[in-house]
Amino acid sequence: MRKEQTLTWWGRFVDHDVTYSFLHSPVTVIASIVTVLMIIAAFCAPVLTSYTPFVPGSLNLLDAFMPPAWEPGGVSEHFLGTDGQGRDILAAIMYGTQVSLTVGLLSVLLSIAIGIPLGIIAGYNGGWVDTAIMRIADIQLTIPPILIALMIDGVTRTSLSSEVHELVAIPVLIVSIGLASWPQYARITRSGAMVERRKDYIAAAQLIQTPTALILLRHIFPNVVGPTLIVATIGVAVAIIIEATLSFLGVGVPPTTPSLGTLIRIGNNFLFSGEWWITLFPAFTLVVLVLSVNLIGDWLRDTFNPKLR
Amino acid sequence: MPNDIIFTVNNLKVHFDISSPFITRLINGAPKLVLKAVDGLSFRIRRGETFSLVGESGCGKSTVARAVSGLYSVTSGDIIIDGQNLAEVKNKSKITDISRRMQMIFQSPYASLDPRWRVRDIIAEPIRAFGLAKNKEDERSQVEKLLRQVGLSERDGEKFPHEFSGGQRQRISIARALSSRPEFLICDEPTSALDVSVQAQILNLMTELQDELGLTYLFISHDLAVIDHISDWIGVMYLGRVCEITPKAALFSNPLHPYTRLLLETIPDLKGNNKRSPLEGEVPSPITPPSGCTFHPRCPFAKERCKRERPELITLGESQVACHAVEEKRL
């Protein structure tokens, strides 16, 4: 017998299908724990570590090229070793993850902020509005995000002085990744809006002279936003990869505030001279971060897809 | 009061352009295609009465409902509510006033309620849209009153639509439609998605509300049993036109139009009466309707004149009928 629906929100949360599905998917539980730990490590880095790897004055060149603690010559103060300038790798990874996560999250937010409204407007109106918006999206899709980022980066690099450029490098990166990936969110919301606008509750709202903007905001948006947010989770992982790629190529974030991609690129120079830890640990962190976020995204997609349940 | 006509439809036409895109037409040399969903429809409804439109699927019943409510644009013809021609009303506050007084109940109780809204918000939406509540407290008490009126409990307002059965959802739809205190309700097959037992409950509820609030109904249905239950007047539709308008009693006792007779013969009975000859064929395509009387290919009484000439509605006693055979006293 089911209890009468007088549960508190906590009771309802524990009782919910989604909670059940989550707790019965060990991979997802582990991925979530890893993701949360990495987010905490990244954003609490100043509290968790006393090293300030990107303040040049705090570095000691005598500490350079120290191997990890368990290797001969390693010291426990630098658990994952140090790089060529004596920077602690663990601390560098923590700060680098912070940059990667920030770029990933904010660029996806930007994509959503552009994609969802355009998708809803296109799907609800149909006709030439739909055609115009979706053709722009198609054109956008033909230009890969790396190309857009290279273009924007090139323009800002030549038009701004190097100090100013370093300041705006991260926002530029966010904008270029965000601009490049809005079409997929627009497409998902558009297809949802096309289905919803034919339902009678929209007709009922039109009948009482509800302004179109309010119909879009109060009726269409809540009903189409779900699938988009699930795709956005995977989008964060993709954005982190794009950022790492760009930083690896040297057009991403400046070396003064390195992301995981920058760290991998710096370490890559030392790989063949035997200092493998400089590049391997940031690379491993990137893989674990992207994999965890992807696994959470996959689980969300499967759980909220009624056809797969 | 026989003259108290609240609602008049005059020669209503709703045509849809269903031709292919311009470029495709240009290349293939294809002509423009027009679907005449409603083609010259006229009827009147008296205040406090129920007028039903009945017909086979595809005859344009729902199009009439949606055109009358303003969801589809009208190709030509007049829709007059309480002396105001809808096409001529341009004043914004008057449009708002008319849409407040005219509400609609939809066919599917599953698609007509926003799944993300709580029931109390769904019901309160028209109240908010027309500013009918003095404050939050007033709005709340109005919603609770409406919930009780349609036979739900006040606590149901806190729930979401998916927590209700089809019949309960239709009650919510009715409560929502009533929340703007309308005088005129358009009901587009409100019971066709429900179980037979629940249909009766909903119809009884609608009849009670009509008596209590003095509502006027335009009722769309394909189900003659439902029509028999609720109507005062009945219009029989065939292919976008009305072929007979008649009081309920006359329709069942003395049907005039051959199509009405055939429709009535299709009602199943339990006595094993095998004389019934089923209505043959289907409704022809409204894109290429038959010439003359659109019913002539299926009509057992059709003559040469029926193929050439389109019959107009003629008045016979209380009823109106559009049929050459009736006019010529052959029937």
# chains A, B, ... in the order shown; residues from 1 in each chain; ligands from 1
>>> interface_residues(of="chain B", to="chain A", cutoff="10 Å", atoms="only C-alpha atoms", output="PyMOL selection string")
chain B and resi 66+69-71+95-117+122+125-130+159+173+176-177+180
>>> select_by_dssp(residues="segment 111-275 of chain B", states="strand (DSSP E or B)", output="list in words")
Phe184, Leu185, Ile186, Cys187, Asp188, Thr216, Tyr217, Leu218, Phe219, Ile220, Ser221, Trp233, Ile234, Gly235, Val236, Met237, Tyr238, Arg241, Val242, Cys243, Glu244, Ile245, Thr246 and Pro247 of chain B
>>> write_last_selection(atoms="C-alpha atoms", output="compact mmCIF listing (two decimals), in the first residue's frame")
# COMPACT_ATOMS: atom_id res chain seq x y z
CA PHE B 184 -20.63 30.86 -23.61
CA LEU B 185 -18.70 27.59 -23.65
CA ILE B 186 -17.35 25.87 -26.74
CA CYS B 187 -17.00 22.15 -26.01
CA ASP B 188 -14.92 20.32 -28.59
CA THR B 216 -24.79 28.52 -23.37
CA TYR B 217 -23.00 25.59 -24.98
CA LEU B 218 -21.75 24.95 -28.47
CA PHE B 219 -21.19 21.23 -28.24
CA ILE B 220 -19.18 19.30 -30.80
CA SER B 221 -19.48 15.51 -30.90
CA TRP B 233 -30.76 21.89 -30.86
CA ILE B 234 -28.71 19.80 -33.23
CA GLY B 235 -26.90 20.68 -36.43
CA VAL B 236 -25.87 17.76 -38.60
CA MET B 237 -22.67 18.48 -40.51
CA TYR B 238 -21.43 16.89 -43.66
CA ARG B 241 -21.71 22.26 -44.41
CA VAL B 242 -24.80 21.88 -42.31
CA CYS B 243 -27.37 19.57 -43.87
CA GLU B 244 -29.99 19.76 -41.14
CA ILE B 245 -30.70 21.93 -38.09
CA THR B 246 -33.44 20.69 -35.87
CA PRO B 247 -34.66 20.44 -32.26
>>> atom_distance(atom1="atom CA of Gln168 of chain B", atom2="atom CA of Val143 of chain B")
15.5 Å
>>> residues_around(residues="Val119 of chain B", least_positions_apart="5", cutoff="8 Å", atoms="only C-alpha atoms", output="JSON, numbers by chain")
{"B": [156, 157, 158, 159, 160, 161, 172]}
>>> write_last_selection(atoms="C-alpha atoms", output="PDB file, in the first residue's frame")
ATOM      1  CA  ASP B 156      -6.552  18.766  -5.273  1.00  0.00           C
ATOM      2  CA  GLY B 157      -5.380  22.265  -6.171  1.00  0.00           C
ATOM      3  CA  GLU B 158      -1.936  21.469  -4.833  1.00  0.00           C
ATOM      4  CA  LYS B 159      -1.467  18.495  -7.144  1.00  0.00           C
ATOM      5  CA  PHE B 160      -0.177  18.210 -10.683  1.00  0.00           C
ATOM      6  CA  PRO B 161      -2.361  17.079 -13.615  1.00  0.00           C
ATOM      7  CA  ILE B 172     -10.232  20.510 -13.982  1.00  0.00           C
TER       8      ILE B 172
END
>>> select_by_dssp(residues="segment 37-199 of chain B", states="helix (DSSP H, G or I)", output="count of residues only")
72
>>> residues_around(residues="Ala149 of chain A", least_positions_apart="6", cutoff="10 Å", atoms="only C-alpha atoms", output="tab-separated table (two decimals) with C-alpha atoms, in the first residue's frame")
chain	number	residue	atom	x	y	z
A	155	VAL	CA	41.75	39.21	-33.53
A	172	VAL	CA	37.37	35.31	-24.93
A	173	LEU	CA	37.72	31.55	-24.63
A	174	ILE	CA	34.31	31.27	-22.94
A	175	VAL	CA	32.65	33.37	-25.62
A	176	SER	CA	34.23	31.48	-28.49
A	177	ILE	CA	33.34	28.03	-27.13
A	178	GLY	CA	29.88	29.27	-26.12
A	179	LEU	CA	29.18	30.79	-29.53
A	180	ALA	CA	30.30	27.65	-31.29
A	242	ILE	CA	37.78	22.00	-26.36
A	243	GLU	CA	39.35	24.39	-23.86
A	246	LEU	CA	42.95	25.16	-27.45
A	251	VAL	CA	45.69	29.79	-28.15
A	252	GLY	CA	43.69	29.23	-24.98
>>> residues_around(residues="Arg187 of chain A", least_positions_apart="5", cutoff="12 Å", atoms="only C-alpha atoms", output="MDAnalysis selection string")
chainID A and resid 111:112 114:123 130:131 133:138 141 181:182 192:194 224:225 227:228 231
>>> closest_residue(among="B:Arg308, B:Arg261, B:His222, B:His15", to="Glu56 of chain B", atoms="only C-alpha atoms")
B:His222
>>> atom_distance(atom1="atom CA of Glu154 of chain B", atom2="atom CA of Glu212 of chain B")
20.3 Å
>>> atom_distance(atom1="atom CA of Ser73 of chain B", atom2="atom CA of Ala37 of chain B")
12.1 Å
>>> decode(residues="segment 147-162 of chain A", atoms="all heavy atoms", output="short mmCIF file (atom, residue, chain, number, x, y, z; two decimals), in the first residue's frame")
data_model
loop_
_atom_site.label_atom_id
_atom_site.label_comp_id
_atom_site.auth_asym_id
_atom_site.auth_seq_id
_atom_site.Cartn_x
_atom_site.Cartn_y
_atom_site.Cartn_z
N LEU A 147 38.13 26.60 -34.75
CA LEU A 147 38.36 27.64 -35.76
C LEU A 147 37.85 29.00 -35.26
O LEU A 147 38.53 30.03 -35.38
CB LEU A 147 37.66 27.25 -37.06
CG LEU A 147 38.14 27.97 -38.31
CD1 LEU A 147 39.61 27.67 -38.57
CD2 LEU A 147 37.30 27.57 -39.51
N ILE A 148 36.64 28.98 -34.67
CA ILE A 148 36.08 30.22 -34.15
C ILE A 148 36.99 30.77 -33.06
O ILE A 148 37.31 31.97 -33.03
CB ILE A 148 34.67 29.97 -33.59
CG1 ILE A 148 33.74 29.56 -34.74
CG2 ILE A 148 34.13 31.22 -32.89
CD1 ILE A 148 32.37 29.18 -34.27
N ALA A 149 37.44 29.88 -32.17
CA ALA A 149 38.30 30.31 -31.07
C ALA A 149 39.60 30.88 -31.62
O ALA A 149 40.08 31.92 -31.15
CB ALA A 149 38.57 29.14 -30.14
N LEU A 150 40.17 30.21 -32.63
CA LEU A 150 41.41 30.71 -33.23
C LEU A 150 41.20 32.09 -33.83
O LEU A 150 42.02 32.99 -33.66
CB LEU A 150 41.88 29.74 -34.32
CG LEU A 150 42.61 28.48 -33.86
CD1 LEU A 150 42.84 27.54 -35.03
CD2 LEU A 150 43.92 28.84 -33.20
N MET A 151 40.05 32.28 -34.49
CA MET A 151 39.75 33.56 -35.12
C MET A 151 39.63 34.66 -34.07
O MET A 151 40.29 35.70 -34.16
CB MET A 151 38.44 33.48 -35.90
CG MET A 151 38.61 33.37 -37.41
SD MET A 151 37.16 32.63 -38.18
CE MET A 151 35.82 33.49 -37.39
N ILE A 152 38.78 34.41 -33.07
CA ILE A 152 38.56 35.43 -32.04
C ILE A 152 39.87 35.70 -31.30
O ILE A 152 40.22 36.86 -31.03
CB ILE A 152 37.45 34.98 -31.07
CG1 ILE A 152 36.13 34.83 -31.83
CG2 ILE A 152 37.29 35.98 -29.94
CD1 ILE A 152 34.97 34.42 -30.96
N ASP A 153 40.59 34.63 -31.00
CA ASP A 153 41.86 34.78 -30.30
C ASP A 153 42.84 35.61 -31.13
O ASP A 153 43.49 36.52 -30.62
CB ASP A 153 42.45 33.41 -30.00
CG ASP A 153 43.69 33.50 -29.13
OD1 ASP A 153 43.52 33.76 -27.92
OD2 ASP A 153 44.80 33.34 -29.67
N GLY A 154 42.89 35.29 -32.43
CA GLY A 154 43.79 36.03 -33.32
C GLY A 154 43.46 37.51 -33.35
O GLY A 154 44.35 38.37 -33.24
N VAL A 155 42.19 37.81 -33.46
CA VAL A 155 41.75 39.21 -33.53
C VAL A 155 42.09 39.94 -32.24
O VAL A 155 42.68 41.03 -32.24
CB VAL A 155 40.23 39.29 -33.82
CG1 VAL A 155 39.75 40.73 -33.66
CG2 VAL A 155 39.93 38.77 -35.21
N THR A 156 41.75 39.33 -31.09
CA THR A 156 41.99 40.02 -29.81
C THR A 156 43.49 40.13 -29.55
O THR A 156 43.95 41.11 -28.98
CB THR A 156 41.33 39.27 -28.65
OG1 THR A 156 41.61 37.88 -28.76
CG2 THR A 156 39.83 39.47 -28.66
N ARG A 157 44.27 39.11 -29.97
CA ARG A 157 45.70 39.14 -29.71
C ARG A 157 46.39 40.29 -30.45
O ARG A 157 47.27 40.94 -29.91
CB ARG A 157 46.31 37.81 -30.14
CG ARG A 157 47.58 37.44 -29.40
CD ARG A 157 48.05 36.08 -29.86
NE ARG A 157 47.33 35.00 -29.21
CZ ARG A 157 47.78 34.41 -28.10
NH1 ARG A 157 48.89 34.79 -27.54
NH2 ARG A 157 47.10 33.43 -27.54
N THR A 158 45.95 40.54 -31.68
CA THR A 158 46.59 41.61 -32.45
C THR A 158 46.04 42.97 -32.07
O THR A 158 46.76 43.97 -32.13
CB THR A 158 46.40 41.40 -33.97
OG1 THR A 158 45.04 41.06 -34.20
CG2 THR A 158 47.29 40.30 -34.48
N SER A 159 44.77 43.04 -31.68
CA SER A 159 44.20 44.36 -31.44
C SER A 159 44.43 44.83 -30.01
O SER A 159 44.32 46.01 -29.74
CB SER A 159 42.69 44.34 -31.75
OG SER A 159 42.07 43.37 -30.95
N LEU A 160 44.75 43.93 -29.09
CA LEU A 160 44.95 44.34 -27.70
C LEU A 160 46.41 44.15 -27.31
O LEU A 160 47.10 43.29 -27.86
CB LEU A 160 44.06 43.50 -26.78
CG LEU A 160 42.56 43.55 -27.04
CD1 LEU A 160 41.85 42.49 -26.23
CD2 LEU A 160 42.01 44.93 -26.71
N SER A 161 46.85 44.95 -26.36
CA SER A 161 48.21 44.77 -25.85
C SER A 161 48.27 43.47 -25.05
O SER A 161 47.25 42.94 -24.63
CB SER A 161 48.61 45.94 -24.96
OG SER A 161 47.84 45.89 -23.77
N SER A 162 49.49 42.94 -24.83
CA SER A 162 49.59 41.61 -24.24
C SER A 162 49.05 41.58 -22.81
O SER A 162 48.48 40.58 -22.39
CB SER A 162 51.04 41.14 -24.29
OG SER A 162 51.83 41.97 -23.47
#
